[in-house]
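A.B. asks: Right, I'll just put the structure down here and ask away after.
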Amino acid sequence: MKVVVLGTGYVGLTTGACLAHLGHEVIGCDIDADKIGNLRMGKLPIYEQGLDHLCAAHRDRLRFSTDLARHAPSADVVVLAVGTPMSADGDIDLRAIETAARDVAPLLKSNATIAVKSTVVPGTARRLREIVAEARKGLDFSLASNPEFLREGSAVSDFLCADRIVLGADDPRAADVLRQVYAPLIAQGIPAVETSTVNAELIKYASNAMLAMRIGFINNIADLCEIIDGDVETVSQAVGLDKRIGPGFLKAGPGFGGSCFPKDIRALAALGRNRGARQPLVEALITENDNRQQRLVDRVLDCLGEQPRGRRVAVLGAAFKAGTDDLRESIALVVVEALVKAGAKISLFDPVAARAVSEVFPDVDPAPDPYDAAQGAELALVLTEWPEIAAIDLEHLKAVMAGSTLIDFRNLFDARHARELGLTYFSIGRPLPRSVGPANPDVLVAAE
Ligand code: UGA
């Protein structure tokens, strides 16, 4: 099939490359001429494992263009993968996708299908159908909803080895076209859920909210562990062994970030409020995740003492999670901003995102490795679970530091080992050393 993917961001690009891999002829279209120029030269705008290889391997079937008018008229399917950012009031901003639908309408051939890949609030596909029908009276077309479940860092395998594919269609032809698009994956046994566009849209929001809820829940349990001498790692592992619960998304940490969970749960809460079916659990989750980040920032500042100005801090990790260079809604931005404001001197290591942080905060020094970042630091702070950070030799780290405080918001290290080396090691939801005495939630917990 000939597929035009409108938008070459992280979702559009991954989708385009994977559809080319499935054998379709794909044109990735974008209004950003620089981006398209780079993509034509094989330069990707994002770091995503395996995507560069996939793009290179399918160069014959995956092309890029700024000229939508040239390619859309021959497309069997136009995939809308443009951004749907959060507006100031937490609701979703659908202007870009509505404009995309309006732009593509006059170009479509008869029988074409528009598939909405961008994350949109339930009801959007139906609204887009009205927009296209109005812009192109009499056109015979279909509109489908086909949400993505791609994690940054493993997007290619999430696409090609998906747990399920959701095919949202309100007419049989749209369902049939989506079935053809995904035929090679369906043939491999990946379950395809065929449903209405509204259900498809809601499945995406409900999935992200459920995953975020698990993280919020285990982080609350971690807070409790810090007070009652529990260990969240053991609790989480044992809870996850219950087959009804499962082990995924039960890792305690600094709270969830990224471009999806924070935005999508806000949009779901706004939808519930606007439509008269409030989502109180989701609303509480939003507040709790925001508060958690602020509480953790306060803990770091507490550790720096009354005079943070001029004190050296090594920040280890900046991306919102390992495997991506994405800084959106990363706790690193919140922590670094607070440290910069307090006058601390920051050296930062992140295997792919360090330069991007120093573009936002020019006073932050990017470091080539964790030991370089920790040179002369009084405090080292782990924010992202990169393998390069998990593999740090703590003895070496301590030797290059001027101080001995290690704050680990990802629980990467063995607490006992860190303590034996003489580090004052703080982590998330792990036992209190006997010497610290009763804790309260605002006091950092030095693990045994
Ligand atoms: C998320 C979903 O996992 C994807 O299925 C979805 O398609 C995507 O959003 C989207 O809507 O496009 P992503 O944002 O890439 O993917 O990242 P996740 O791996 O889900 O992690 C999100 C945040 O939760 C990160 O800050 C991560 O550190 C945190 N997290 C994750 C935890 O704190 N604990 C966990 O156990 C898992």
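Just so we're on the same page: first chain in the structure tokens is A, next is B, and so on; residues restart at 1 for each chain, and ligands are numbered from 1 in the order they show up.
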Contacts between ligand 1 and chain A, please, where a residue of chain A counts if it comes within 9 Å (with only C-alpha atoms and all ligand atoms); show its shortest atom pair and distance in Å to one decimal, rows by chain and ascending number, as CSV.
C.D. replies:
residue,atom,partner,partner_atom_place_in_ligand_line,distance
A:Tyr10,CA,ligand 1,12 (O),8.9
A:Val11,CA,ligand 1,12 (O),7.4
A:Ser118,CA,ligand 1,12 (O),8.5
A:Thr119,CA,ligand 1,11 (O),7.0
A:Pro147,CA,ligand 1,7 (O),8.1
A:Glu148,CA,ligand 1,7 (O),5.3
A:Phe149,CA,ligand 1,7 (O),3.1
A:Leu150,CA,ligand 1,7 (O),3.8
A:Arg151,CA,ligand 1,15 (O),3.4
A:Glu152,CA,ligand 1,15 (O),3.6
A:Gly153,CA,ligand 1,15 (O),6.8
A:Ser154,CA,ligand 1,15 (O),8.0
A:Ala155,CA,ligand 1,15 (O),7.8
A:Asp158,CA,ligand 1,5 (O),8.2
A:Lys204,CA,ligand 1,11 (O),7.4
A:Tyr205,CA,ligand 1,11 (O),8.0
A:Ser207,CA,ligand 1,5 (O),7.4
A:Asn208,CA,ligand 1,2 (C),5.9
A:Leu211,CA,ligand 1,3 (O),7.1
A:Ala212,CA,ligand 1,24 (O),6.7
A:Arg214,CA,ligand 1,36 (O),7.7
A:Ile215,CA,ligand 1,34 (N),5.2
A:Gly216,CA,ligand 1,33 (O),8.1
A:Ile218,CA,ligand 1,34 (N),8.4
A:Asn219,CA,ligand 1,33 (O),8.1
A:Pro247,CA,ligand 1,36 (O),8.5
A:Gly248,CA,ligand 1,36 (O),6.1
A:Phe249,CA,ligand 1,36 (O),3.1
A:Leu250,CA,ligand 1,36 (O),4.2
A:Lys251,CA,ligand 1,36 (O),3.6
A:Ala252,CA,ligand 1,34 (N),5.5
A:Gly253,CA,ligand 1,33 (O),4.9
A:Pro254,CA,ligand 1,33 (O),6.4
A:Gly255,CA,ligand 1,33 (O),5.2
A:Phe256,CA,ligand 1,26 (O),3.7
A:Gly257,CA,ligand 1,26 (O),3.8
A:Gly258,CA,ligand 1,14 (O),4.9
A:Ser259,CA,ligand 1,14 (O),5.9
A:Cys260,CA,ligand 1,11 (O),4.4
A:Phe261,CA,ligand 1,9 (O),5.8
A:Pro262,CA,ligand 1,23 (C),8.7
A:Lys263,CA,ligand 1,11 (O),8.8
A:Asp264,CA,ligand 1,11 (O),7.2
A:Ala319,CA,ligand 1,26 (O),8.6
A:Phe320,CA,ligand 1,26 (O),4.9
A:Lys321,CA,ligand 1,28 (O),4.5
A:Ala322,CA,ligand 1,28 (O),7.6
A:Thr324,CA,ligand 1,15 (O),8.4
A:Glu329,CA,ligand 1,26 (O),8.1
A:Ser330,CA,ligand 1,26 (O),6.9
A:Ile331,CA,ligand 1,26 (O),8.2
A:Thr384,CA,ligand 1,28 (O),7.5
A:Glu385,CA,ligand 1,28 (O),8.0
A:Arg410,CA,ligand 1,33 (O),8.4
A.B. asks: Take the residues from that selection and write them out as a compact mmCIF listing (two decimals), in the first residue's frame, keeping C-alpha atoms.
C.D. replies:
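What ended up in again08.txt:
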# COMPACT_ATOMS: atom_id res chain seq x y z
CA TYR A 10 9.18 10.40 17.13
CA VAL A 11 5.83 8.68 16.47
CA SER A 118 -1.47 11.03 17.22
CA THR A 119 -2.83 10.69 20.76
CA PRO A 147 -3.27 4.68 18.51
CA GLU A 148 0.36 3.87 19.22
CA PHE A 149 1.79 2.18 22.30
CA LEU A 150 5.45 2.96 21.67
CA ARG A 151 7.85 3.59 24.50
CA GLU A 152 10.72 5.91 23.71
CA GLY A 153 13.89 3.83 23.68
CA SER A 154 12.13 0.67 22.52
CA ALA A 155 9.70 2.12 19.99
CA ASP A 158 7.15 -2.07 20.59
CA LYS A 204 -4.84 4.75 24.54
CA TYR A 205 -5.66 7.13 27.41
CA SER A 207 -3.60 2.39 29.05
CA ASN A 208 -1.31 5.32 29.79
CA LEU A 211 0.56 2.53 33.75
CA ALA A 212 1.10 5.95 35.34
CA ARG A 214 0.94 1.90 38.97
CA ILE A 215 4.02 4.11 39.14
CA GLY A 216 2.25 6.64 41.36
CA ILE A 218 4.45 2.19 44.07
CA ASN A 219 6.02 5.59 44.73
CA PRO A 247 5.69 -6.98 37.35
CA GLY A 248 5.64 -4.08 34.85
CA PHE A 249 5.66 -0.41 35.80
CA LEU A 250 6.16 -1.03 39.49
CA LYS A 251 9.61 0.50 39.77
CA ALA A 252 9.74 3.29 42.32
CA GLY A 253 11.64 6.39 41.30
CA PRO A 254 11.45 10.14 41.03
CA GLY A 255 7.97 10.14 39.48
CA PHE A 256 7.02 9.71 35.85
CA GLY A 257 8.05 12.18 33.17
CA GLY A 258 8.28 12.28 29.40
CA SER A 259 6.06 13.68 26.70
CA CYS A 260 3.20 11.22 27.22
CA PHE A 261 2.09 10.29 30.74
CA PRO A 262 1.95 13.81 32.23
CA LYS A 263 0.19 15.20 29.16
CA ASP A 264 -2.21 12.30 28.62
CA ALA A 319 16.84 12.19 30.07
CA PHE A 320 13.41 11.39 31.53
CA LYS A 321 14.40 7.72 31.34
CA ALA A 322 17.21 5.63 29.87
CA THR A 324 16.25 8.36 24.94
CA GLU A 329 9.01 16.65 31.72
CA SER A 330 12.25 15.16 33.02
CA ILE A 331 12.84 15.63 36.72
CA THR A 384 18.39 8.46 35.00
CA GLU A 385 18.88 4.70 34.98
CA ARG A 410 16.72 5.23 40.62
A.B. asks: Write out as an MDAnalysis selection string all residues of stretch 12-130 of chain A that backbone DSSP assigns to alpha helix (DSSP H).
C.D. replies: chainID A and resid 12:21 33:40 51:57 68:71 95:104 124:130
A.B. asks: Using only C-alpha atoms, determine which residues lie at most 10 Å from A:Val313, disregarding the query and same-chain residues fewer than 3 positions distant; provide the list as a count of residues only.
C.D. replies: 23
A.B. asks: Which one is closest to A:Asp67: A:Gly343, A:Gly28, A:Pro122, A:Gly42? Count only C-alpha atoms.
C.D. replies: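 Answer, going by the shortest atom-to-atom distance: A:Gly28.
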A.B. asks: Which residues, written as an NGL selection string, have at least one atom at most 9 Å from A:Val78, with only C-alpha atoms counted and residues fewer than 3 positions away on the same chain left out?
C.D. replies: :A and (2-6 or 72 or 75 or 104 or 108 or 112-116)
A.B. asks: Could you state the separation of atom CA of A:Leu143 and atom CA of A:Ala174 in Å, given to one decimal place?
C.D. replies: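 Distance reported for this atom pair: 6.4 Å.
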A.B. asks: Using only C-alpha atoms, determine which residues lie at most 10 Å from A:Tyr182, disregarding the query and same-chain residues fewer than 6 positions distant; provide the list as a PyMOL selection string.
C.D. replies: chain A and resi 19+22+24+160+165+167+190+192
A.B. asks: Name the closest residue to A:Arg173 among the candidates A:Ser142, A:Thr195, A:Gln237, A:Asn291; distances are taken between atoms, counting only C-alpha atoms.
C.D. replies: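 Using only C-alpha atoms, the shortest distance to A:Arg173 belongs to A:Ser142.
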A.B. asks: Just checking: using only C-alpha atoms, which residue out of A:Arg127, A:Leu39, A:Ser157, A:Asp34 ends up closest to A:Thr15?
C.D. replies: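 Smallest separation from A:Thr15 among the options: A:Ser157.
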